[in-house]
Structure formats: structure tokens, C-alpha cells
>>> print(open('query-v9.cif').read())   # mmCIF, C-alpha atoms
data_target
loop_
_atom_site.label_atom_id
_atom_site.label_comp_id
_atom_site.auth_asym_id
_atom_site.auth_seq_id
_atom_site.Cartn_x
_atom_site.Cartn_y
_atom_site.Cartn_z
CA MET A 1 -20.82 -4.69 -38.24
CA GLN A 2 -21.86 -4.52 -41.86
CA GLN A 3 -22.07 -7.57 -44.07
CA LYS A 4 -19.14 -8.13 -46.30
CA LYS A 5 -19.68 -6.93 -49.84
CA LYS A 6 -17.44 -9.29 -51.67
CA GLY A 7 -15.46 -7.93 -54.56
CA SER A 8 -16.81 -4.43 -53.89
CA GLN A 9 -13.44 -2.93 -54.57
CA ASP A 10 -10.77 -3.55 -57.12
CA ALA A 11 -7.46 -4.55 -55.54
CA CYS A 12 -5.77 -1.76 -57.51
CA ASP A 13 -7.95 0.84 -55.77
CA VAL A 14 -6.81 0.01 -52.26
CA GLN A 15 -5.68 3.17 -50.54
CA ALA A 16 -1.93 3.51 -50.81
CA SER A 17 -1.71 4.97 -47.29
CA ASN A 18 -3.11 1.72 -45.89
CA LEU A 19 -0.41 -0.28 -47.61
CA LYS A 20 2.50 2.04 -46.94
CA ALA A 21 2.29 1.80 -43.16
CA GLY A 22 2.71 -1.93 -43.35
CA GLY A 23 0.94 -4.50 -41.24
CA PHE A 24 -0.30 -6.32 -44.35
CA ILE A 25 1.58 -9.49 -45.09
CA PRO A 26 1.20 -11.15 -48.49
CA GLN A 27 0.22 -14.81 -48.35
CA ARG A 28 1.27 -17.67 -50.58
CA GLN A 29 -2.36 -17.67 -51.75
CA ALA A 30 -2.69 -15.10 -54.54
CA GLY A 31 -4.75 -12.03 -53.61
CA LYS A 32 -4.84 -12.90 -49.90
CA VAL A 33 -3.17 -10.93 -47.12
CA THR A 34 -2.74 -11.35 -43.40
CA ILE A 35 -3.70 -8.29 -41.35
CA ARG A 36 -1.46 -7.70 -38.34
CA CYS A 37 -3.26 -5.88 -35.51
CA LYS A 38 -1.52 -3.48 -33.17
CA ALA A 39 -1.44 -4.63 -29.55
CA PRO A 40 1.41 -3.01 -27.55
CA GLY A 41 2.47 -5.34 -24.75
CA GLY A 42 0.06 -7.96 -26.08
CA ARG A 43 -2.81 -6.24 -24.30
CA LEU A 44 -6.28 -5.77 -25.83
CA THR A 45 -9.66 -4.68 -24.58
CA SER A 46 -12.37 -7.31 -24.86
CA GLU A 47 -14.16 -5.00 -27.33
CA ARG A 48 -11.16 -4.95 -29.66
CA LEU A 49 -10.70 -8.69 -29.29
CA GLU A 50 -14.34 -9.22 -30.24
CA ARG A 51 -14.00 -6.94 -33.26
CA ILE A 52 -10.90 -8.81 -34.42
CA ALA A 53 -12.87 -12.05 -34.10
CA GLU A 54 -15.81 -10.61 -36.07
CA VAL A 55 -13.55 -9.36 -38.83
CA ALA A 56 -11.81 -12.74 -38.99
CA ARG A 57 -15.21 -14.43 -39.34
CA THR A 58 -16.53 -12.00 -41.95
CA TYR A 59 -13.46 -11.30 -44.06
CA GLY A 60 -11.10 -14.17 -43.24
CA GLN A 61 -11.62 -17.83 -42.47
CA GLY A 62 -12.56 -17.42 -38.81
CA VAL A 63 -9.08 -17.98 -37.51
CA VAL A 64 -6.62 -15.63 -35.78
CA HIS A 65 -2.91 -16.21 -35.34
CA LEU A 66 -1.00 -14.70 -32.44
CA SER A 67 2.35 -13.58 -33.82
CA VAL A 68 5.55 -14.33 -31.95
CA ARG A 69 5.62 -10.65 -30.95
CA MET A 70 2.11 -10.56 -29.49
CA SER A 71 0.18 -9.19 -32.46
CA PRO A 72 -3.14 -10.85 -33.35
CA GLU A 73 -3.07 -11.56 -37.07
CA ILE A 74 -6.09 -12.15 -39.30
CA PRO A 75 -5.13 -14.36 -42.24
CA TYR A 76 -7.00 -14.97 -45.54
CA VAL A 77 -8.28 -11.43 -46.09
CA ASP A 78 -8.90 -10.51 -49.75
CA LEU A 79 -6.67 -7.66 -50.85
CA SER A 80 -9.80 -6.02 -52.25
CA ASP A 81 -11.34 -5.93 -48.75
CA LEU A 82 -8.36 -4.17 -47.17
CA ASP A 83 -9.92 -0.72 -46.76
CA ALA A 84 -13.15 -2.17 -45.36
CA VAL A 85 -11.23 -4.27 -42.86
CA VAL A 86 -9.07 -1.34 -41.74
CA SER A 87 -12.17 0.81 -41.31
CA GLU A 88 -14.13 -1.81 -39.36
CA LEU A 89 -11.22 -2.48 -37.04
CA ALA A 90 -10.76 1.27 -36.53
CA GLN A 91 -14.41 1.65 -35.46
CA ALA A 92 -13.54 -0.44 -32.39
CA GLY A 93 -10.29 1.45 -31.83
CA GLN A 94 -8.21 -1.36 -33.27
CA GLU A 95 -5.28 -0.14 -35.36
CA VAL A 96 -3.18 -2.09 -37.80
CA ALA A 97 0.45 -2.82 -36.85
CA SER A 98 3.53 -2.41 -39.00
CA CYS A 99 6.06 -4.55 -40.78
CA GLY A 100 9.15 -3.77 -42.81
CA ARG A 101 12.03 -1.45 -42.03
CA ARG A 102 10.64 0.55 -39.14
CA PHE A 103 10.00 0.77 -35.44
CA ARG A 104 7.68 -2.10 -34.53
CA VAL A 105 5.01 -2.37 -31.84
CA SER A 106 6.69 -2.80 -28.44
CA THR A 107 6.18 -6.06 -26.61
CA ALA A 108 5.99 -6.41 -22.83
CA CYS A 109 5.25 -8.82 -20.02
CA ALA A 110 2.38 -8.11 -17.61
CA GLY A 111 4.66 -5.92 -15.48
CA CYS A 112 4.09 -4.56 -12.01
CA GLU A 113 0.35 -3.97 -12.40
CA TYR A 114 -0.65 -7.47 -11.33
CA ASN A 115 2.28 -9.84 -11.83
CA PRO A 116 3.90 -10.64 -8.45
CA ASN A 117 7.42 -10.54 -9.92
CA GLY A 118 7.03 -7.40 -12.03
CA LEU A 119 9.04 -4.40 -10.86
CA THR A 120 8.32 -1.89 -13.61
CA ASP A 121 5.26 -0.65 -15.52
CA THR A 122 6.15 -2.51 -18.69
CA GLN A 123 2.66 -2.18 -20.13
CA GLY A 124 2.60 1.59 -19.74
CA LEU A 125 6.08 1.91 -21.23
CA ALA A 126 5.20 -0.34 -24.19
CA ARG A 127 2.14 1.84 -24.89
CA ALA A 128 4.16 5.06 -24.54
CA ALA A 129 7.02 3.83 -26.75
CA THR A 130 4.60 2.59 -29.42
CA GLU A 131 2.66 5.84 -29.26
CA ARG A 132 5.81 7.88 -29.81
CA PHE A 133 7.93 5.82 -32.18
CA PHE A 134 5.56 3.47 -34.02
CA GLY A 135 6.19 3.32 -37.73
CA GLN A 136 9.30 5.52 -37.75
CA ASP A 137 11.62 4.50 -40.54
CA ALA A 138 14.90 2.75 -39.72
CA PRO A 139 17.65 0.97 -41.69
CA HIS A 140 15.91 -2.33 -40.91
CA LYS A 141 13.28 -3.56 -38.47
CA PHE A 142 13.65 -2.25 -34.93
CA LYS A 143 12.11 -4.25 -32.11
CA THR A 144 11.80 -3.06 -28.54
CA CYS A 145 10.53 -4.91 -25.52
CA PHE A 146 9.94 -4.33 -21.85
CA GLY A 147 10.47 -7.01 -19.23
CA GLY A 148 9.43 -6.33 -15.66
CA CYS A 149 12.23 -8.22 -13.95
CA VAL A 150 15.40 -10.15 -14.54
CA ARG A 151 13.43 -13.33 -15.26
CA ASP A 152 13.05 -11.71 -18.67
CA CYS A 153 10.07 -13.74 -19.92
CA VAL A 154 9.78 -11.25 -22.79
CA ARG A 155 13.40 -11.90 -23.91
CA SER A 156 14.85 -8.41 -23.80
CA ARG A 157 18.29 -9.97 -24.29
CA MET A 158 17.28 -10.77 -27.87
CA ALA A 159 15.65 -7.46 -28.78
CA ASP A 160 17.16 -4.66 -30.83
CA LEU A 161 16.54 -2.63 -27.69
CA GLY A 162 15.33 -4.37 -24.55
CA PHE A 163 14.53 -3.07 -21.10
CA GLN A 164 14.56 -5.24 -18.02
CA GLY A 165 13.24 -4.24 -14.59
CA MET A 166 15.79 -4.37 -11.80
CA VAL A 167 15.75 -3.47 -8.12
CA ARG A 168 18.50 -2.53 -5.71
CA PRO A 169 17.54 -3.76 -2.23
CA ARG A 170 18.21 -1.69 0.88
CA LEU A 171 18.53 -3.01 4.42
CA VAL A 172 16.63 -1.34 7.27
CA ALA A 173 18.68 -2.89 10.04
CA ASP A 174 16.32 -1.78 12.82
CA ASN A 175 13.56 -3.98 11.36
CA CYS A 176 15.77 -7.03 10.84
CA THR A 177 15.16 -9.99 13.19
CA ARG A 178 18.17 -11.89 11.79
CA CYS A 179 15.93 -14.72 10.58
CA GLY A 180 18.14 -15.26 7.54
CA LEU A 181 15.30 -15.83 5.04
CA CYS A 182 16.73 -13.29 2.60
CA ALA A 183 20.02 -15.16 2.37
CA ARG A 184 18.09 -18.40 1.85
CA ALA A 185 15.96 -16.78 -0.87
CA CYS A 186 18.97 -15.55 -2.84
CA GLN A 187 19.86 -18.00 -5.59
CA ASP A 188 22.97 -16.08 -6.65
CA ASP A 189 25.08 -16.26 -3.48
CA ALA A 190 24.84 -12.49 -3.24
CA LEU A 191 23.60 -12.37 0.37
CA THR A 192 25.51 -13.68 3.35
CA VAL A 193 25.05 -12.97 7.05
CA ASP A 194 27.79 -11.22 9.02
CA GLU A 195 28.93 -11.87 12.61
CA ALA A 196 25.91 -9.94 13.87
CA ASP A 197 23.62 -12.13 11.67
CA LEU A 198 22.75 -9.12 9.51
CA PRO A 199 22.55 -9.71 5.74
CA VAL A 200 25.41 -8.32 3.64
CA ARG A 201 24.94 -7.89 -0.12
CA ASP A 202 27.68 -8.59 -2.64
CA THR A 203 26.93 -6.00 -5.31
CA ALA A 204 29.05 -7.82 -7.88
CA ARG A 205 26.85 -10.91 -7.56
CA CYS A 206 23.40 -9.41 -6.94
CA ILE A 207 21.31 -9.75 -10.12
CA SER A 208 18.68 -7.26 -8.86
CA CYS A 209 15.75 -9.70 -8.91
CA GLY A 210 14.23 -8.57 -5.61
CA ASP A 211 13.59 -12.06 -4.22
CA CYS A 212 15.12 -11.00 -0.88
CA ILE A 213 12.67 -8.09 -0.63
CA LYS A 214 9.72 -10.28 -1.45
CA VAL A 215 10.60 -12.95 1.09
CA CYS A 216 11.48 -10.62 4.00
CA PRO A 217 8.65 -10.89 6.55
CA PHE A 218 9.62 -7.80 8.53
CA ASP A 219 10.11 -4.99 5.99
CA ALA A 220 13.81 -5.03 6.73
CA MET A 221 14.88 -5.67 3.15
CA VAL A 222 13.13 -2.97 1.15
CA VAL A 223 13.23 -1.35 -2.28
CA GLY A 224 16.21 0.99 -2.56
CA GLU A 225 15.96 1.84 -6.24
CA ILE A 226 14.05 0.49 -9.24
CA GLY A 227 15.18 0.99 -12.82
CA HIS A 228 15.81 -0.69 -16.14
CA GLY A 229 18.69 -2.74 -17.42
CA VAL A 230 19.18 -1.89 -21.10
CA PHE A 231 20.20 -4.43 -23.76
CA ALA A 232 21.04 -3.34 -27.30
CA GLY A 233 21.65 -5.11 -30.59
CA GLY A 234 19.81 -8.39 -30.12
CA LYS A 235 17.84 -10.22 -32.79
CA HIS A 236 16.63 -13.63 -33.74
CA GLY A 237 16.25 -14.80 -37.31
CA LYS A 238 18.67 -16.49 -39.66
CA HIS A 239 21.68 -14.83 -38.06
CA PRO A 240 20.79 -14.39 -34.39
CA HIS A 241 22.65 -11.96 -32.19
CA ALA A 242 22.60 -11.73 -28.39
CA ALA A 243 22.11 -8.17 -27.17
CA TYR A 244 24.86 -6.25 -25.39
CA PRO A 245 24.07 -5.15 -21.83
CA VAL A 246 24.74 -1.39 -22.09
CA ALA A 247 23.19 0.37 -19.09
CA GLU A 248 21.65 -0.39 -15.71
CA PHE A 249 19.16 1.22 -13.33
CA VAL A 250 17.95 3.61 -16.01
CA PRO A 251 14.95 5.44 -14.49
CA ASP A 252 11.51 5.44 -16.15
CA GLU A 253 11.88 9.07 -17.23
CA GLN A 254 14.98 8.26 -19.32
CA VAL A 255 13.50 5.31 -21.21
CA MET A 256 12.06 7.28 -24.15
CA ASP A 257 15.32 9.23 -24.48
CA VAL A 258 17.26 5.95 -24.58
CA ILE A 259 15.04 4.76 -27.44
CA GLU A 260 15.42 8.11 -29.22
CA VAL A 261 19.21 8.22 -28.98
CA THR A 262 19.44 4.58 -30.07
CA MET A 263 17.18 5.14 -33.09
CA ASP A 264 19.21 8.25 -33.97
CA TRP A 265 22.51 6.37 -33.74
CA TYR A 266 21.03 3.50 -35.77
CA ARG A 267 19.76 5.85 -38.52
CA ASP A 268 23.11 7.68 -38.59
CA HIS A 269 25.29 4.56 -38.72
CA GLY A 270 23.20 1.61 -39.89
CA ARG A 271 23.25 0.58 -43.52
CA ARG A 272 19.99 -0.19 -45.29
CA GLY A 273 19.01 -3.75 -44.39
CA GLU A 274 21.41 -3.93 -41.47
CA ARG A 275 20.07 -4.63 -37.97
CA LEU A 276 21.31 -2.67 -34.97
CA GLY A 277 23.48 -5.52 -33.64
CA ASP A 278 25.31 -5.85 -36.95
CA ALA A 279 25.78 -2.08 -37.14
CA LEU A 280 27.21 -2.08 -33.61
CA ASP A 281 29.67 -4.81 -34.57
CA ARG A 282 30.74 -3.07 -37.78
CA VAL A 283 30.97 0.50 -36.47
CA GLY A 284 32.02 -0.37 -32.93
CA LEU A 285 30.06 -0.59 -29.72
CA ASP A 286 31.99 2.32 -28.24
CA SER A 287 30.51 4.75 -30.77
CA TYR A 288 27.00 3.84 -29.58
CA ARG A 289 28.07 3.83 -25.93
CA ARG A 290 29.31 7.42 -26.27
CA ALA A 291 25.94 8.46 -27.68
CA LEU A 292 24.04 6.56 -25.00
CA LYS A 293 26.13 8.10 -22.25
CA MET A 294 24.70 11.51 -23.17
CA VAL A 295 21.37 10.21 -21.88
CA VAL A 296 22.20 7.74 -19.12
CA GLY A 297 25.46 9.21 -17.77
CA GLU A 298 26.94 7.09 -15.00
CA ARG A 299 24.38 4.39 -15.60
CA LEU A 300 26.28 3.35 -18.71
CA LEU A 301 27.91 -0.03 -18.15
CA THR A 302 31.69 -0.19 -18.41
CA PRO A 303 33.82 -3.20 -19.29
CA ALA A 304 34.67 -3.41 -15.58
CA ASP A 305 30.95 -3.59 -14.73
CA ILE A 306 30.45 -6.26 -17.35
CA GLY A 307 33.25 -8.25 -15.75
CA GLN A 308 31.18 -8.67 -12.58
CA PRO A 309 29.82 -12.19 -12.09
CA LYS A 310 26.19 -10.98 -12.08
CA TRP A 311 26.17 -10.16 -15.80
CA LYS A 312 27.52 -13.53 -16.76
CA ARG A 313 24.95 -15.15 -14.45
CA ILE A 314 22.02 -13.56 -16.27
CA PHE A 315 23.43 -14.10 -19.74
CA TYR A 316 22.91 -17.13 -21.95
CA ALA A 317 24.81 -20.00 -20.37
CA GLY A 318 25.79 -21.30 -23.79
CA LEU A 319 27.49 -18.01 -24.60
CA ALA A 320 29.42 -17.85 -21.33
CA GLU A 321 32.71 -18.64 -23.07
CA THR A 322 32.48 -15.50 -25.18
CA PHE A 323 31.33 -13.29 -22.31
CA PRO A 324 31.99 -10.40 -21.69
CA PRO A 325 31.09 -9.34 -25.21
CA TYR A 326 32.65 -5.86 -25.36
CA ALA A 327 35.13 -6.95 -28.01
CA ASP A 328 35.92 -3.55 -29.53
CA VAL A 329 36.62 -1.77 -26.26
CA GLY A 330 40.37 -1.26 -26.01
CA GLU A 331 42.44 -3.17 -23.50
CA GLU A 332 43.44 0.06 -21.77
CA GLN A 333 39.80 0.60 -20.88
CA ARG A 334 39.48 -2.79 -19.26
CA ARG A 335 40.38 -2.80 -15.61
CA MET B 1 -0.61 -5.41 20.01
CA THR B 2 3.09 -5.22 19.27
CA SER B 3 4.82 -7.84 17.17
CA GLU B 4 6.96 -8.69 20.21
CA SER B 5 3.99 -9.67 22.35
CA THR B 6 2.40 -11.55 19.43
CA ALA B 7 5.65 -13.36 18.78
CA GLU B 8 5.69 -14.65 22.37
CA ARG B 9 2.20 -16.19 22.13
CA ALA B 10 1.88 -19.88 21.52
CA ALA B 11 0.56 -20.93 18.12
CA ASP B 12 -3.14 -21.78 17.95
CA VAL B 13 -2.49 -24.31 15.19
CA ARG B 14 0.74 -26.05 14.22
CA VAL B 15 1.38 -27.80 10.88
CA ASP B 16 4.55 -29.66 9.97
CA LEU B 17 5.01 -29.28 6.21
CA ARG B 18 8.49 -30.76 6.01
CA GLY B 19 8.60 -33.13 3.06
CA THR B 20 5.55 -31.50 1.43
CA PRO B 21 6.54 -30.27 -2.05
CA CYS B 22 5.79 -26.86 -3.60
CA PRO B 23 3.16 -25.66 -4.23
CA LEU B 24 1.27 -28.11 -1.99
CA ASN B 25 2.96 -26.67 1.13
CA TRP B 26 1.56 -23.24 0.30
CA VAL B 27 -1.86 -24.66 -0.59
CA LYS B 28 -2.04 -26.42 2.80
CA THR B 29 -0.88 -23.26 4.59
CA LYS B 30 -3.50 -21.18 2.77
CA LEU B 31 -6.34 -23.63 3.43
CA ARG B 32 -5.44 -23.81 7.10
CA LEU B 33 -5.36 -20.00 7.37
CA GLU B 34 -8.79 -19.81 5.76
CA GLN B 35 -10.21 -21.97 8.55
CA MET B 36 -8.79 -19.68 11.24
CA ASN B 37 -10.02 -16.39 12.74
CA ASP B 38 -8.27 -13.05 12.31
CA GLY B 39 -5.47 -12.63 14.81
CA GLU B 40 -5.00 -16.36 15.45
CA LEU B 41 -1.50 -17.77 15.03
CA LEU B 42 -0.48 -20.58 12.70
CA GLU B 43 2.94 -22.18 12.97
CA VAL B 44 4.22 -23.96 9.87
CA ILE B 45 7.45 -25.94 9.75
CA LEU B 46 9.08 -25.64 6.33
CA ASP B 47 12.01 -27.28 4.59
CA ASP B 48 15.01 -25.20 3.62
CA GLY B 49 15.21 -24.58 -0.14
CA ASP B 50 12.17 -24.00 -2.35
CA ALA B 51 9.70 -24.10 0.55
CA ILE B 52 11.35 -21.36 2.62
CA ARG B 53 11.95 -19.31 -0.52
CA SER B 54 8.34 -19.31 -1.65
CA VAL B 55 5.84 -19.93 1.19
CA PRO B 56 6.67 -16.86 3.35
CA ARG B 57 6.50 -14.71 0.21
CA SER B 58 3.03 -16.02 -0.63
CA VAL B 59 1.92 -15.52 2.98
CA LYS B 60 2.98 -11.88 2.74
CA THR B 61 1.30 -11.34 -0.63
CA GLU B 62 -1.97 -12.70 0.75
CA GLY B 63 -1.81 -10.06 3.46
CA HIS B 64 -1.10 -12.22 6.49
CA ARG B 65 1.66 -11.20 8.87
CA ILE B 66 4.73 -13.26 9.69
CA VAL B 67 5.58 -12.57 13.32
CA LYS B 68 8.54 -14.87 13.90
CA VAL B 69 10.95 -17.08 11.96
CA THR B 70 12.99 -19.61 13.94
CA PRO B 71 15.49 -22.17 12.70
CA VAL B 72 14.52 -25.75 13.54
CA GLY B 73 17.58 -27.84 12.87
CA GLY B 74 18.21 -27.20 9.18
CA ASP B 75 14.57 -26.20 8.64
CA PHE B 76 12.39 -23.27 9.69
CA SER B 77 9.42 -22.57 11.93
CA VAL B 78 7.33 -19.69 10.59
CA LEU B 79 4.73 -18.13 12.90
CA ILE B 80 1.92 -16.49 10.94
CA GLU B 81 -0.81 -14.17 12.19
CA LYS B 82 -4.02 -14.60 10.18
CA ARG B 83 -5.19 -11.38 8.55
CA GLY B 84 -8.47 -10.98 6.71
CA GLU B 85 -7.67 -8.95 3.64
CA GLY B 86 -4.87 -9.37 1.09
CA CYS B 87 -2.46 -6.48 0.61
CA GLY B 88 -1.93 -6.87 -3.11
CA GLY B 89 1.29 -5.33 -4.35
CA VAL B 90 4.67 -6.34 -3.04
CA CYS B 91 7.21 -3.92 -4.41
CA ARG B 92 5.25 -0.82 -5.24
#
>>> encode(input="query-v9.cif", output="C-alpha cells")
Amino acid sequence: MQQKKKGSQDACDVQASNLKAGGFIPQRQAGKVTIRCKAPGGRLTSERLERIAEVARTYGQGVVHLSVRMSPEIPYVDLSDLDAVVSELAQAGQEVASCGRRFRVSTACAGCEYNPNGLTDTQGLARAATERFFGQDAPHKFKTCFGGCVRDCVRSRMADLGFQGMVRPRLVADNCTRCGLCARACQDDALTVDEADLPVRDTARCISCGDCIKVCPFDAMVVGEIGHGVFAGGKHGKHPHAAYPVAEFVPDEQVMDVIEVTMDWYRDHGRRGERLGDALDRVGLDSYRRALKMVVGERLLTPADIGQPKWKRIFYAGLAETFPPYADVGEEQRR
Amino acid sequence: MTSESTAERAADVRVDLRGTPCPLNWVKTKLRLEQMNDGELLEVILDDGDAIRSVPRSVKTEGHRIVKVTPVGGDFSVLIEKRGEGCGGVCR
């Protein structure tokens, strides 16, 4: 890496294209910016990590901050060094992230690649979503995240659009030795044993975590179906909003279409500066649900689905009094 | 060797882990398995609750084979066949 040539460029000459995409955050120190680096799913190669460190040493103050949404940020960069920093990061394949009113880099947990609990390829999906939608304009910021299971470490229930891995277990009765471990493993009272000591699943209570599959020693409780629970309209910030559960068991191949239809609805209905959750509340959740149904079909959640105990069980306990949250759906549609 | 015939064999080693908290119960199971030869049988007695939820799962993930689970009062006897190599993934 080349030595820094301090003051080599006037701040006014910084390429406009570098600034427009975002990813440069003004600091309280005049003339200094923080560079936000793109890292979908919080994953980086060691080469990129080393380059970020070198740039921080050369152009910053030798410190890096990991943003709340998994982006490594290099603070204390001179505005006049912006183009040099972008170019040196790019040489190692490190791109700059975005900020402002657009689709942001997707976050994700480790997923099924090596995490024992992960059900879905969250890392691959975060890369694919970022590849396809990164930087697209929206009425306000638009944050997506991918969680590999219902433990939801990545907090998909607070994202503008969150995906959460879920699994529907299937019993292979011939393999079952009636040991009862699956019923013991279930923390949601969704599995009981019948007169023949075979496990019976209560679909209204099963939260699709897969603990019964993982504990079964005899391959009797196996994967029936894996998909994504979809949560829309969440945000943190000054006026936080819990996301609405809107679909379940959405297959991998529908995920990008779900993002697309949601971004389209948001651009059509959202006002400038209005987050998706606020737009859903103002326009009505049903309008978005109709659009989403075009993609997910029967996997769209209904008020009757939302009334099942499992959804309340995986929602924020403190919000249980206001659950289910489908306020605008007419009484006649509630069962 | 069928699982039925394996399940009828007596355990080569028996460890009572009742009262041993997580994750120490799994650590002790793992260490004991490491001292054994492939195909030998280890019987562990586990508490209901966290222990029975997590130890058999870890045994599976490490690639060993559970051949029998038997209730012992309110607790469980788990008969494990030592296997050399881990199997890696669980769900996919």
C-alpha cells in the first residue's frame, strides 16, 4: 500500500460519485469522515480485514468501529483522502457501504454453514440480496436481515424486512423407539406422546425451531420442510416499531421476490422520510399483504394464523398485550 | 451389526452424570468417549431437563451413535456407541 500523501487533494475535488453512494459519515470534527465498509452478513476475508486495518492506520487513527449492523467503520479519515481510501480499499476487493435513504447492506447470522442451530443459508442470502438491491433508492432507509432459526440472534423482528429460518419436523414412525427425547426437548409444549408412545405435534404451538430433530437419536424426527418466516415493518431508533409477521415457510427461491415486492410497495406507498412500518400503519397492512400474496401465495399469514399461540410465544413478551398486531384487518376476516 | 444387537450389549463404561450441570455433563461424556475405542459402548445417566435436551444432541453432532434411551425413574440412561469421526451437519 502506498504512503499517504497528505493534503494531496482538495476536499472540493472529491469525486461526486464516491459521495453520492453514501457510506461516508460526517464527523463532529470538521473535515473528517467515517468510512463505512460493506460486509454483507458481517463476513470478511482476512485479506479485506487486513486492508481495512492498513487503511485505518494510514488514513485514520488506527481504530476501527464495528457498526451495530456489522459494518466495519474507519473513523477520522480526511475528506481530502476520500478517493485514495476508496481506491485502496477497492484494490483488496473491499467496497464502501451505503447510508441514507436506500437499501442497506443485509445483515445475517452465521447460518447453516457451520452454526449448529442454523437452518438456512443466511450468509448466501445476505450476499445475494446485497448484490441485487444494494443502494437502491427508497423513501427512507431499508434494512434487511437473515436469521437462520427462530432464536433470531440477528433480530429479524426489528428489521424493515427480516427473514427467519424455520423447520417443519416430520415423524418417520418406523424409526421411532418411543424414547420420548423429542417431547423432552420441546420447550413449547408442542410435542406430546400418544397412547402408543409416538410423538404428536401440535402445529398451533410448534415454533419451528427444530430442537426435536436435533435431539432425536434415531432419525425418526426428520426435516419435513425448511423455509423462512418473514417479518415486515420493524425498526429501532427514536420511534421503534416491532415488525409484523407476514409469511411463513417461504422457500429460498422466493426470498428475492419477497424483497422486490416489498421494495416496490414501499416505493409506491411510502412518503419521503417514512419507514416501512409507519407506511404500513398509515396505508394499512392489508394493502401490503395483498401485494405480498402475489409472491408467497398460501404462505401469507392470516389473522387466524397469527392467533395461534406459537406467534405470541416468539414475539416480544412485553408486547404480548397488544398481540396479535393485525389492527387494520377487518373483524369479518378474523376467525 | 444391527442397532438391535448393539442395544442388547452391556455397556463397557458407565457414568452417572445426574447432578452434573451443563455443559460439564457433556464435557465429561466427550472426554470419556475420547478414551474409548470405536464400537465400545458408553452408558451415561442424565437428568431430565437441560441435560437430556442438550447432551444427546451433542453426541449426535460429534458423530457418535446413540443406540438406546431408557427412562431411569425420572431420568434417562443413554447408551452411546463410540464412533471415530464427527458427522458435521445436523439438519442439512
>>> resolve_selection(input="query-v9.cif", expression="the PyMOL selection byres ((chain A) within 7 of (chain B))", output="PyMOL selection string")
chain A and resi 116+119+179+184-185+214-215+217+223
>>> resolve_selection(input="query-v9.cif", expression="the PyMOL selection byres ((chain A and resi 95-104) around 7)", output="number ranges by chain")
A: 21-23, 36-38, 89-90, 93-94, 105-106, 133-143
>>> atom_distance(input="query-v9.cif", atom1="atom CA of Trp26 of chain B", atom2="atom CA of Pro199 of chain A")
25.6 Å
>>> residues_around(input="query-v9.cif", residues="segment 72-74 of chain B", least_positions_apart="5", cutoff="10 Å", atoms="only C-alpha atoms", output="MDAnalysis selection string")
chainID B and resid 45:48
>>> resolve_selection(input="query-v9.cif", expression="the PyMOL selection byres ((chain A and resi 196) around 12)", output="MDAnalysis selection string")
chainID A and resid 173 176:180 192:195 197:200
>>> atom_distance(input="query-v9.cif", atom1="atom CA of Pro251 of chain A", atom2="atom CA of Gly210 of chain A")
16.6 Å
>>> residues_around(input="query-v9.cif", residues="Asp268 of chain A", least_positions_apart="4", cutoff="12 Å", atoms="all atoms listed in the file", output="JSON, numbers by chain")
{"A": [138, 139, 261, 262, 263, 264, 272, 276, 279, 280, 283, 287, 288, 291]}
>>> residues_around(input="query-v9.cif", residues="Val33 of chain A", least_positions_apart="4", cutoff="9 Å", atoms="all atoms listed in the file", output="list in words")
Phe24, Ile25, Pro26, Gln27, Arg28, Gln29, Ile74, Pro75, Tyr76, Val77, Asp78, Leu79 and Leu82 of chain A
>>> atom_distance(input="query-v9.cif", atom1="atom CA of His228 of chain A", atom2="atom CA of Gly111 of chain A")
12.3 Å
>>> residues_around(input="query-v9.cif", residues="Gln254 of chain A", least_positions_apart="2", cutoff="10 Å", atoms="only C-alpha atoms", output="PyMOL selection string")
chain A and resi 227-228+250-252+256-260+295-296
>>> residues_around(input="query-v9.cif", residues="Gly39 of chain B", least_positions_apart="6", cutoff="9 Å", atoms="all atoms listed in the file", output="PDB file with C-alpha atoms, keeping the file's coordinate frame")
ATOM      1  CA  GLU B  81      -0.810 -14.170  12.190  1.00  0.00           C
ATOM      2  CA  LYS B  82      -4.020 -14.600  10.180  1.00  0.00           C
ATOM      3  CA  ARG B  83      -5.190 -11.380   8.550  1.00  0.00           C
ATOM      4  CA  GLY B  84      -8.470 -10.980   6.710  1.00  0.00           C
TER       5      GLY B  84
END
